[in-house]
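Structure file query-v7.pdb; described as PDB, C-alpha atoms, pLDDT in the B column.
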```pdb
ATOM      1  CA  MET A   1      12.923 -27.731  20.499  1.00 53.00           C
ATOM      2  CA  LYS A   2      11.606 -25.157  22.951  1.00 51.00           C
ATOM      3  CA  TYR A   3       9.315 -27.788  24.555  1.00 52.00           C
ATOM      4  CA  LEU A   4      12.167 -30.283  24.812  1.00 51.00           C
ATOM      5  CA  ALA A   5      14.254 -27.733  26.730  1.00 46.00           C
ATOM      6  CA  ILE A   6      11.336 -27.080  29.103  1.00 49.00           C
ATOM      7  CA  ILE A   7      10.859 -30.819  29.697  1.00 53.00           C
ATOM      8  CA  ILE A   8      14.577 -31.306  30.381  1.00 46.00           C
ATOM      9  CA  LEU A   9      14.551 -28.355  32.796  1.00 43.00           C
ATOM     10  CA  PHE A  10      11.482 -29.734  34.593  1.00 45.00           C
ATOM     11  CA  LEU A  11      13.013 -33.210  34.904  1.00 42.00           C
ATOM     12  CA  GLY A  12      16.210 -31.715  36.256  1.00 46.00           C
ATOM     13  CA  GLN A  13      14.279 -29.793  38.917  1.00 45.00           C
ATOM     14  CA  LEU A  14      12.322 -32.930  39.828  1.00 46.00           C
ATOM     15  CA  LEU A  15      15.528 -34.952  40.204  1.00 45.00           C
ATOM     16  CA  ASN A  16      17.098 -32.212  42.340  1.00 44.00           C
ATOM     17  CA  ALA A  17      14.014 -32.165  44.585  1.00 46.00           C
ATOM     18  CA  GLN A  18      14.208 -35.932  45.029  1.00 51.00           C
ATOM     19  CA  ASN A  19      17.942 -35.759  45.721  1.00 74.00           C
ATOM     20  CA  SER A  20      17.387 -33.044  48.341  1.00 88.00           C
ATOM     21  CA  VAL A  21      14.877 -35.281  50.159  1.00 92.00           C
ATOM     22  CA  ILE A  22      17.354 -38.181  50.018  1.00 93.00           C
ATOM     23  CA  ASP A  23      20.145 -35.884  51.223  1.00 92.00           C
ATOM     24  CA  SER A  24      17.983 -34.634  54.111  1.00 94.00           C
ATOM     25  CA  LEU A  25      17.120 -38.183  55.163  1.00 95.00           C
ATOM     26  CA  ASN A  26      20.777 -39.228  54.908  1.00 93.00           C
ATOM     27  CA  ASN A  27      21.775 -36.268  57.093  1.00 95.00           C
ATOM     28  CA  ALA A  28      19.078 -37.186  59.627  1.00 95.00           C
ATOM     29  CA  LEU A  29      20.418 -40.742  59.631  1.00 95.00           C
ATOM     30  CA  ILE A  30      23.966 -39.545  60.332  1.00 93.00           C
ATOM     31  CA  LEU A  31      22.852 -37.246  63.167  1.00 95.00           C
ATOM     32  CA  GLU A  32      20.473 -39.731  64.801  1.00 96.00           C
ATOM     33  CA  LYS A  33      21.958 -41.698  67.685  1.00 95.00           C
ATOM     34  CA  ARG A  34      19.050 -44.013  68.545  1.00 97.00           C
ATOM     35  CA  ASP A  35      18.829 -47.172  66.446  1.00 96.00           C
ATOM     36  CA  THR A  36      15.021 -47.327  66.553  1.00 94.00           C
ATOM     37  CA  SER A  37      14.824 -43.805  65.134  1.00 96.00           C
ATOM     38  CA  LYS A  38      17.386 -44.727  62.467  1.00 97.00           C
ATOM     39  CA  LEU A  39      15.160 -47.626  61.423  1.00 97.00           C
ATOM     40  CA  ARG A  40      12.200 -45.272  60.978  1.00 97.00           C
ATOM     41  CA  ILE A  41      14.383 -42.982  58.849  1.00 97.00           C
ATOM     42  CA  TYR A  42      15.534 -45.955  56.771  1.00 97.00           C
ATOM     43  CA  LYS A  43      11.910 -46.826  55.996  1.00 97.00           C
ATOM     44  CA  GLU A  44      11.354 -43.346  54.543  1.00 97.00           C
ATOM     45  CA  LEU A  45      14.729 -43.374  52.789  1.00 97.00           C
ATOM     46  CA  ILE A  46      14.023 -46.672  51.023  1.00 97.00           C
ATOM     47  CA  ALA A  47      10.567 -45.537  49.919  1.00 96.00           C
ATOM     48  CA  GLU A  48      11.948 -42.245  48.587  1.00 96.00           C
ATOM     49  CA  ALA A  49      14.905 -43.848  46.786  1.00 96.00           C
ATOM     50  CA  ASN A  50      12.611 -46.409  45.154  1.00 95.00           C
ATOM     51  CA  ASN A  51      10.765 -43.580  43.413  1.00 93.00           C
ATOM     52  CA  TYR A  52      13.672 -43.070  41.036  1.00 88.00           C
ATOM     53  CA  ASP A  53      16.517 -45.543  41.655  1.00 94.00           C
ATOM     54  CA  LEU A  54      15.701 -49.150  42.593  1.00 95.00           C
ATOM     55  CA  ALA A  55      19.365 -50.102  42.976  1.00 96.00           C
ATOM     56  CA  ARG A  56      19.878 -47.293  45.476  1.00 96.00           C
ATOM     57  CA  GLY A  57      16.700 -48.336  47.282  1.00 97.00           C
ATOM     58  CA  LEU A  58      18.082 -51.869  47.491  1.00 98.00           C
ATOM     59  CA  MET A  59      21.329 -50.538  48.959  1.00 97.00           C
ATOM     60  CA  TYR A  60      19.405 -48.733  51.715  1.00 98.00           C
ATOM     61  CA  ALA A  61      17.222 -51.808  52.307  1.00 98.00           C
ATOM     62  CA  LYS A  62      20.336 -53.934  52.835  1.00 98.00           C
ATOM     63  CA  GLN A  63      21.676 -51.372  55.312  1.00 98.00           C
ATOM     64  CA  ALA A  64      18.347 -51.344  57.144  1.00 98.00           C
ATOM     65  CA  VAL A  65      18.240 -55.152  57.314  1.00 98.00           C
ATOM     66  CA  ALA A  66      21.775 -55.185  58.732  1.00 98.00           C
ATOM     67  CA  LEU A  67      20.843 -52.640  61.410  1.00 98.00           C
ATOM     68  CA  ALA A  68      17.562 -54.371  62.319  1.00 98.00           C
ATOM     69  CA  GLU A  69      19.427 -57.670  62.667  1.00 98.00           C
ATOM     70  CA  LYS A  70      22.242 -56.052  64.662  1.00 98.00           C
ATOM     71  CA  VAL A  71      19.806 -54.632  67.234  1.00 98.00           C
ATOM     72  CA  ASN A  72      17.618 -57.757  66.909  1.00 98.00           C
ATOM     73  CA  SER A  73      14.415 -55.759  66.399  1.00 98.00           C
ATOM     74  CA  GLU A  74      11.640 -58.306  65.938  1.00 98.00           C
ATOM     75  CA  LYS A  75       9.332 -55.467  64.861  1.00 97.00           C
ATOM     76  CA  TRP A  76      11.591 -54.041  62.155  1.00 98.00           C
ATOM     77  CA  LYS A  77      13.309 -57.146  60.743  1.00 98.00           C
ATOM     78  CA  PRO A  78      10.286 -58.400  58.777  1.00 98.00           C
ATOM     79  CA  VAL A  79       9.495 -54.877  57.561  1.00 98.00           C
ATOM     80  CA  PHE A  80      12.925 -54.543  55.998  1.00 98.00           C
ATOM     81  CA  TYR A  81      13.024 -58.149  54.752  1.00 98.00           C
ATOM     82  CA  GLU A  82       9.807 -57.350  52.891  1.00 98.00           C
ATOM     83  CA  MET A  83      11.223 -54.086  51.557  1.00 98.00           C
ATOM     84  CA  GLN A  84      14.469 -55.740  50.426  1.00 98.00           C
ATOM     85  CA  GLY A  85      12.468 -58.526  48.805  1.00 98.00           C
ATOM     86  CA  ARG A  86      10.381 -55.962  46.954  1.00 97.00           C
ATOM     87  CA  ASN A  87      13.501 -54.262  45.635  1.00 98.00           C
ATOM     88  CA  HIS A  88      14.859 -57.585  44.394  1.00 98.00           C
ATOM     89  CA  ALA A  89      11.483 -58.363  42.794  1.00 97.00           C
ATOM     90  CA  ASN A  90      11.367 -54.995  41.026  1.00 96.00           C
ATOM     91  CA  LEU A  91      14.885 -55.644  39.734  1.00 97.00           C
ATOM     92  CA  VAL A  92      13.649 -59.096  38.568  1.00 96.00           C
ATOM     93  CA  GLN A  93      15.999 -60.898  40.957  1.00 98.00           C
ATOM     94  CA  LEU A  94      13.304 -63.436  41.715  1.00 98.00           C
ATOM     95  CA  ASP A  95      15.231 -65.972  43.821  1.00 98.00           C
ATOM     96  CA  SER A  96      16.556 -63.233  46.109  1.00 98.00           C
ATOM     97  CA  ALA A  97      13.075 -61.719  46.308  1.00 98.00           C
ATOM     98  CA  MET A  98      11.596 -65.077  47.310  1.00 98.00           C
ATOM     99  CA  PHE A  99      14.271 -65.548  49.987  1.00 98.00           C
ATOM    100  CA  PHE A 100      13.517 -62.212  51.670  1.00 98.00           C
ATOM    101  CA  PHE A 101       9.739 -62.476  51.333  1.00 98.00           C
ATOM    102  CA  ASN A 102       9.864 -65.865  53.076  1.00 98.00           C
ATOM    103  CA  LYS A 103      11.986 -64.339  55.862  1.00 98.00           C
ATOM    104  CA  ALA A 104       9.400 -61.566  56.172  1.00 98.00           C
ATOM    105  CA  VAL A 105       6.551 -64.092  56.468  1.00 98.00           C
ATOM    106  CA  THR A 106       8.423 -65.925  59.234  1.00 98.00           C
ATOM    107  CA  GLY A 107       9.184 -62.666  61.048  1.00 98.00           C
ATOM    108  CA  TYR A 108       5.636 -61.342  60.811  1.00 98.00           C
ATOM    109  CA  ARG A 109       4.241 -64.674  61.973  1.00 98.00           C
ATOM    110  CA  TYR A 110       6.591 -64.600  64.975  1.00 98.00           C
ATOM    111  CA  ILE A 111       5.294 -61.193  66.112  1.00 98.00           C
ATOM    112  CA  LYS A 112       1.701 -62.071  65.129  1.00 98.00           C
ATOM    113  CA  ASN A 113       1.451 -59.318  62.512  1.00 98.00           C
ATOM    114  CA  ILE A 114      -1.222 -60.953  60.372  1.00 98.00           C
ATOM    115  CA  ARG A 115      -1.469 -58.130  57.844  1.00 98.00           C
ATOM    116  CA  GLY A 116       2.295 -58.136  57.299  1.00 98.00           C
ATOM    117  CA  GLU A 117       2.246 -61.909  56.825  1.00 98.00           C
ATOM    118  CA  ALA A 118      -0.542 -61.588  54.253  1.00 98.00           C
ATOM    119  CA  THR A 119       1.132 -58.786  52.273  1.00 98.00           C
ATOM    120  CA  SER A 120       4.393 -60.747  52.161  1.00 98.00           C
ATOM    121  CA  LYS A 121       2.513 -63.786  50.883  1.00 98.00           C
ATOM    122  CA  PHE A 122       0.947 -61.590  48.179  1.00 98.00           C
ATOM    123  CA  LYS A 123       4.466 -60.703  47.085  1.00 98.00           C
ATOM    124  CA  ILE A 124       5.600 -64.344  47.065  1.00 98.00           C
ATOM    125  CA  ALA A 125       2.545 -65.134  44.926  1.00 98.00           C
ATOM    126  CA  TRP A 126       3.613 -62.368  42.517  1.00 98.00           C
ATOM    127  CA  VAL A 127       7.035 -64.018  42.189  1.00 98.00           C
ATOM    128  CA  TYR A 128       5.365 -67.358  41.460  1.00 98.00           C
ATOM    129  CA  LYS A 129       3.265 -65.663  38.749  1.00 98.00           C
ATOM    130  CA  ARG A 130       6.425 -64.252  37.184  1.00 97.00           C
ATOM    131  CA  LYS A 131       7.849 -67.780  37.176  1.00 97.00           C
ATOM    132  CA  GLY A 132       4.664 -69.124  35.557  1.00 97.00           C
ATOM    133  CA  GLN A 133       3.661 -71.146  38.633  1.00 98.00           C
ATOM    134  CA  ILE A 134       0.059 -69.967  38.846  1.00 98.00           C
ATOM    135  CA  ASP A 135      -1.160 -72.860  41.055  1.00 98.00           C
ATOM    136  CA  LYS A 136       1.312 -71.888  43.793  1.00 98.00           C
ATOM    137  CA  ALA A 137       0.378 -68.220  43.412  1.00 98.00           C
ATOM    138  CA  LEU A 138      -3.315 -69.050  43.749  1.00 98.00           C
ATOM    139  CA  GLN A 139      -2.715 -71.094  46.917  1.00 98.00           C
ATOM    140  CA  LEU A 140      -0.848 -68.208  48.531  1.00 98.00           C
ATOM    141  CA  ASP A 141      -3.395 -65.595  47.464  1.00 98.00           C
ATOM    142  CA  LEU A 142      -6.210 -67.738  48.904  1.00 98.00           C
ATOM    143  CA  ALA A 143      -4.233 -68.144  52.150  1.00 98.00           C
ATOM    144  CA  SER A 144      -3.721 -64.370  52.256  1.00 98.00           C
ATOM    145  CA  LEU A 145      -7.443 -63.845  51.716  1.00 98.00           C
ATOM    146  CA  LYS A 146      -8.154 -65.965  54.812  1.00 98.00           C
ATOM    147  CA  LEU A 147      -5.612 -63.963  56.808  1.00 98.00           C
ATOM    148  CA  MET A 148      -7.175 -60.643  55.762  1.00 98.00           C
ATOM    149  CA  GLU A 149     -10.639 -61.982  56.586  1.00 98.00           C
ATOM    150  CA  SER A 150      -9.423 -63.071  60.035  1.00 98.00           C
ATOM    151  CA  ILE A 151      -8.572 -59.442  60.906  1.00 98.00           C
ATOM    152  CA  ASP A 152     -11.519 -57.984  58.942  1.00 98.00           C
ATOM    153  CA  ASP A 153      -9.209 -55.793  56.837  1.00 97.00           C
ATOM    154  CA  LYS A 154     -11.639 -54.636  54.134  1.00 97.00           C
ATOM    155  CA  ALA A 155      -8.990 -53.202  51.793  1.00 96.00           C
ATOM    156  CA  GLY A 156      -6.825 -56.297  52.282  1.00 97.00           C
ATOM    157  CA  ILE A 157      -9.773 -58.611  51.589  1.00 97.00           C
ATOM    158  CA  CYS A 158     -10.596 -56.689  48.439  1.00 96.00           C
ATOM    159  CA  ASP A 159      -6.957 -56.801  47.316  1.00 96.00           C
ATOM    160  CA  ALA A 160      -6.889 -60.566  47.902  1.00 98.00           C
ATOM    161  CA  LEU A 161     -10.109 -61.082  45.938  1.00 98.00           C
ATOM    162  CA  ILE A 162      -8.625 -59.162  43.006  1.00 97.00           C
ATOM    163  CA  ARG A 163      -5.456 -61.249  43.111  1.00 98.00           C
ATOM    164  CA  VAL A 164      -7.380 -64.539  43.288  1.00 98.00           C
ATOM    165  CA  SER A 165      -9.530 -63.409  40.362  1.00 98.00           C
ATOM    166  CA  ASP A 166      -6.384 -62.652  38.371  1.00 97.00           C
ATOM    167  CA  ASP A 167      -4.901 -66.077  39.206  1.00 98.00           C
ATOM    168  CA  LEU A 168      -8.078 -67.830  38.105  1.00 98.00           C
ATOM    169  CA  THR A 169      -8.186 -65.759  34.903  1.00 98.00           C
ATOM    170  CA  ARG A 170      -4.618 -66.823  34.103  1.00 98.00           C
ATOM    171  CA  GLN A 171      -5.783 -70.425  34.540  1.00 98.00           C
ATOM    172  CA  GLU A 172      -8.727 -69.700  32.209  1.00 98.00           C
ATOM    173  CA  ARG A 173     -11.193 -70.474  35.011  1.00 98.00           C
ATOM    174  CA  LEU A 174     -13.221 -67.467  33.993  1.00 98.00           C
ATOM    175  CA  LYS A 175     -16.514 -68.216  35.756  1.00 98.00           C
ATOM    176  CA  GLU A 176     -14.757 -68.566  39.126  1.00 98.00           C
ATOM    177  CA  ALA A 177     -12.619 -65.505  38.369  1.00 98.00           C
ATOM    178  CA  MET A 178     -15.769 -63.479  37.721  1.00 97.00           C
ATOM    179  CA  GLU A 179     -17.224 -64.499  41.101  1.00 98.00           C
ATOM    180  CA  TYR A 180     -14.163 -63.210  42.955  1.00 97.00           C
ATOM    181  CA  ALA A 181     -14.147 -60.045  40.850  1.00 96.00           C
ATOM    182  CA  LYS A 182     -17.824 -59.397  41.653  1.00 96.00           C
ATOM    183  CA  ARG A 183     -17.146 -59.862  45.366  1.00 97.00           C
ATOM    184  CA  ALA A 184     -14.271 -57.378  45.111  1.00 96.00           C
ATOM    185  CA  ILE A 185     -16.466 -54.847  43.286  1.00 95.00           C
ATOM    186  CA  GLU A 186     -19.254 -55.152  45.864  1.00 96.00           C
ATOM    187  CA  LEU A 187     -16.824 -54.767  48.753  1.00 95.00           C
ATOM    188  CA  SER A 188     -15.036 -51.794  47.196  1.00 94.00           C
ATOM    189  CA  LYS A 189     -18.355 -50.032  46.543  1.00 94.00           C
ATOM    190  CA  LYS A 190     -19.706 -50.734  50.018  1.00 94.00           C
ATOM    191  CA  TYR A 191     -16.614 -49.456  51.817  1.00 95.00           C
ATOM    192  CA  LYS A 192     -15.603 -46.803  49.245  1.00 93.00           C
ATOM    193  CA  LEU A 193     -12.263 -48.470  48.464  1.00 92.00           C
ATOM    194  CA  GLU A 194     -11.523 -46.429  45.359  1.00 87.00           C
ATOM    195  CA  SER A 195      -8.079 -47.784  44.450  1.00 81.00           C
ATOM    196  CA  GLU A 196      -9.322 -51.386  44.817  1.00 79.00           C
ATOM    197  CA  TYR A 197     -12.453 -50.561  42.805  1.00 74.00           C
ATOM    198  CA  TYR A 198     -10.264 -49.290  39.968  1.00 73.00           C
ATOM    199  CA  HIS A 199      -8.547 -52.683  39.743  1.00 69.00           C
TER     200      HIS A 199
END
```
Conversion result in structure tokens:
Amino acid sequence: MKYLAIIILFLGQLLNAQNSVIDSLNNALILEKRDTSKLRIYKELIAEANNYDLARGLMYAKQAVALAEKVNSEKWKPVFYEMQGRNHANLVQLDSAMFFFNKAVTGYRYIKNIRGEATSKFKIAWVYKRKGQIDKALQLDLASLKLMESIDDKAGICDALIRVSDDLTRQERLKEAMEYAKRAIELSKKYKLESEYYH
């Protein structure tokens, strides 16, 4: 019983700490006059809210999308489309997630942000996996691999190799899956990509 009380106290303190960060960011948002600065605050606010309340994170993402569209920020629109899509995906609202990820891909392509385009395609592939459409997921992950290779993003390449390996494993194409996994391991060792190596 004593340990349960300590755990409850600790969780309460953790929640209060998170709420104080959210409150501080909300206050900064209210005081900020410049829209571009508000968009930067929204990015932090969404990330923080997602740590403990996906629905609240989605609410902030919708607000950020509305502001980015209002000021017609080509830089920020795809960022927040991707973030809103991620919130929908985490809430298993797959059709909404797909809609916003596709908008993000279009937006990133327009501003020639290749990494952003690739990461959004990774997320669309994840939705396809959840829907059991592994062929479509594999096509997108392979396309994302090419994008990451085109900008020589080592971590992105490694991430793509891992995803392709997973797709092939789900299709029971184990020999091909192993080849992609080995490439990912070699790359992660060579460039000390610890989080990718773990996967």
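Nearest-residue note for Asn90 (chain A): choosing from A:Ala104, A:Val65, A:Val164, A:Leu54, the minimum distance belongs to A:Leu54, counting only C-alpha atoms.
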The PyMOL selection byres ((chain A and resi 130) around 12) on the file shown: which residues, as an mmCIF file with C-alpha atoms, in the frame of the given file?
```cif
data_model
loop_
_atom_site.group_PDB
_atom_site.id
_atom_site.type_symbol
_atom_site.label_atom_id
_atom_site.label_comp_id
_atom_site.auth_asym_id
_atom_site.auth_seq_id
_atom_site.Cartn_x
_atom_site.Cartn_y
_atom_site.Cartn_z
ATOM 1 C CA ALA A 89 11.483 -58.363 42.794
ATOM 2 C CA ASN A 90 11.367 -54.995 41.026
ATOM 3 C CA VAL A 92 13.649 -59.096 38.568
ATOM 4 C CA GLN A 93 15.999 -60.898 40.957
ATOM 5 C CA LEU A 94 13.304 -63.436 41.715
ATOM 6 C CA ASP A 95 15.231 -65.972 43.821
ATOM 7 C CA ALA A 97 13.075 -61.719 46.308
ATOM 8 C CA MET A 98 11.596 -65.077 47.310
ATOM 9 C CA LYS A 123 4.466 -60.703 47.085
ATOM 10 C CA ILE A 124 5.600 -64.344 47.065
ATOM 11 C CA ALA A 125 2.545 -65.134 44.926
ATOM 12 C CA TRP A 126 3.613 -62.368 42.517
ATOM 13 C CA VAL A 127 7.035 -64.018 42.189
ATOM 14 C CA TYR A 128 5.365 -67.358 41.460
ATOM 15 C CA LYS A 129 3.265 -65.663 38.749
ATOM 16 C CA LYS A 131 7.849 -67.780 37.176
ATOM 17 C CA GLY A 132 4.664 -69.124 35.557
ATOM 18 C CA GLN A 133 3.661 -71.146 38.633
ATOM 19 C CA ILE A 134 0.059 -69.967 38.846
ATOM 20 C CA LYS A 136 1.312 -71.888 43.793
ATOM 21 C CA ALA A 137 0.378 -68.220 43.412
ATOM 22 C CA ASP A 167 -4.901 -66.077 39.206
ATOM 23 C CA ARG A 170 -4.618 -66.823 34.103
#
```
Residues matched by the PyMOL selection byres ((chain A and resi 153) around 12) as a list of chain:residue names: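 Output of the PyMOL selection byres ((chain A and resi 153) around 12): A:Ile114, A:Arg115, A:Gly116, A:Ala118, A:Thr119, A:Ser144, A:Leu145, A:Lys146, A:Leu147, A:Met148, A:Glu149, A:Ser150, A:Ile151, A:Asp152, A:Lys154, A:Ala155, A:Gly156, A:Ile157, A:Cys158, A:Asp159, A:Ala160, A:Leu187, A:Ser188, A:Tyr191, A:Leu193.
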The PyMOL selection byres ((chain A and resi 41) around 10) applied to the shown file, residues as number ranges by chain: A: 25-26, 28-29, 32, 35-40, 42-46, 64
Near-region 58-60 of chain A list (6 Å; all atoms listed in the file; drop same-chain fewer than 3 positions) as a PyMOL selection string: chain A and resi 46+55+63+87
To test the calculation: enclose all listed atoms of region 194-197 of chain A in a box whose edges run along x, y and z, add 6 Å on each side, then state centre and edge lengths in Å to one decimal, as AutoDock Vina command-line options.
```
--center_x -10.3 --center_y -48.9 --center_z 44.1 --size_x 16.4 --size_y 17.0 --size_z 14.6
```
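In this comparison, which uses all atoms listed in the file, the residue of A:Ile22, A:Ala49, A:Leu91, A:Ile111 approaching Trp76 (chain A) most closely is A:Ile111.
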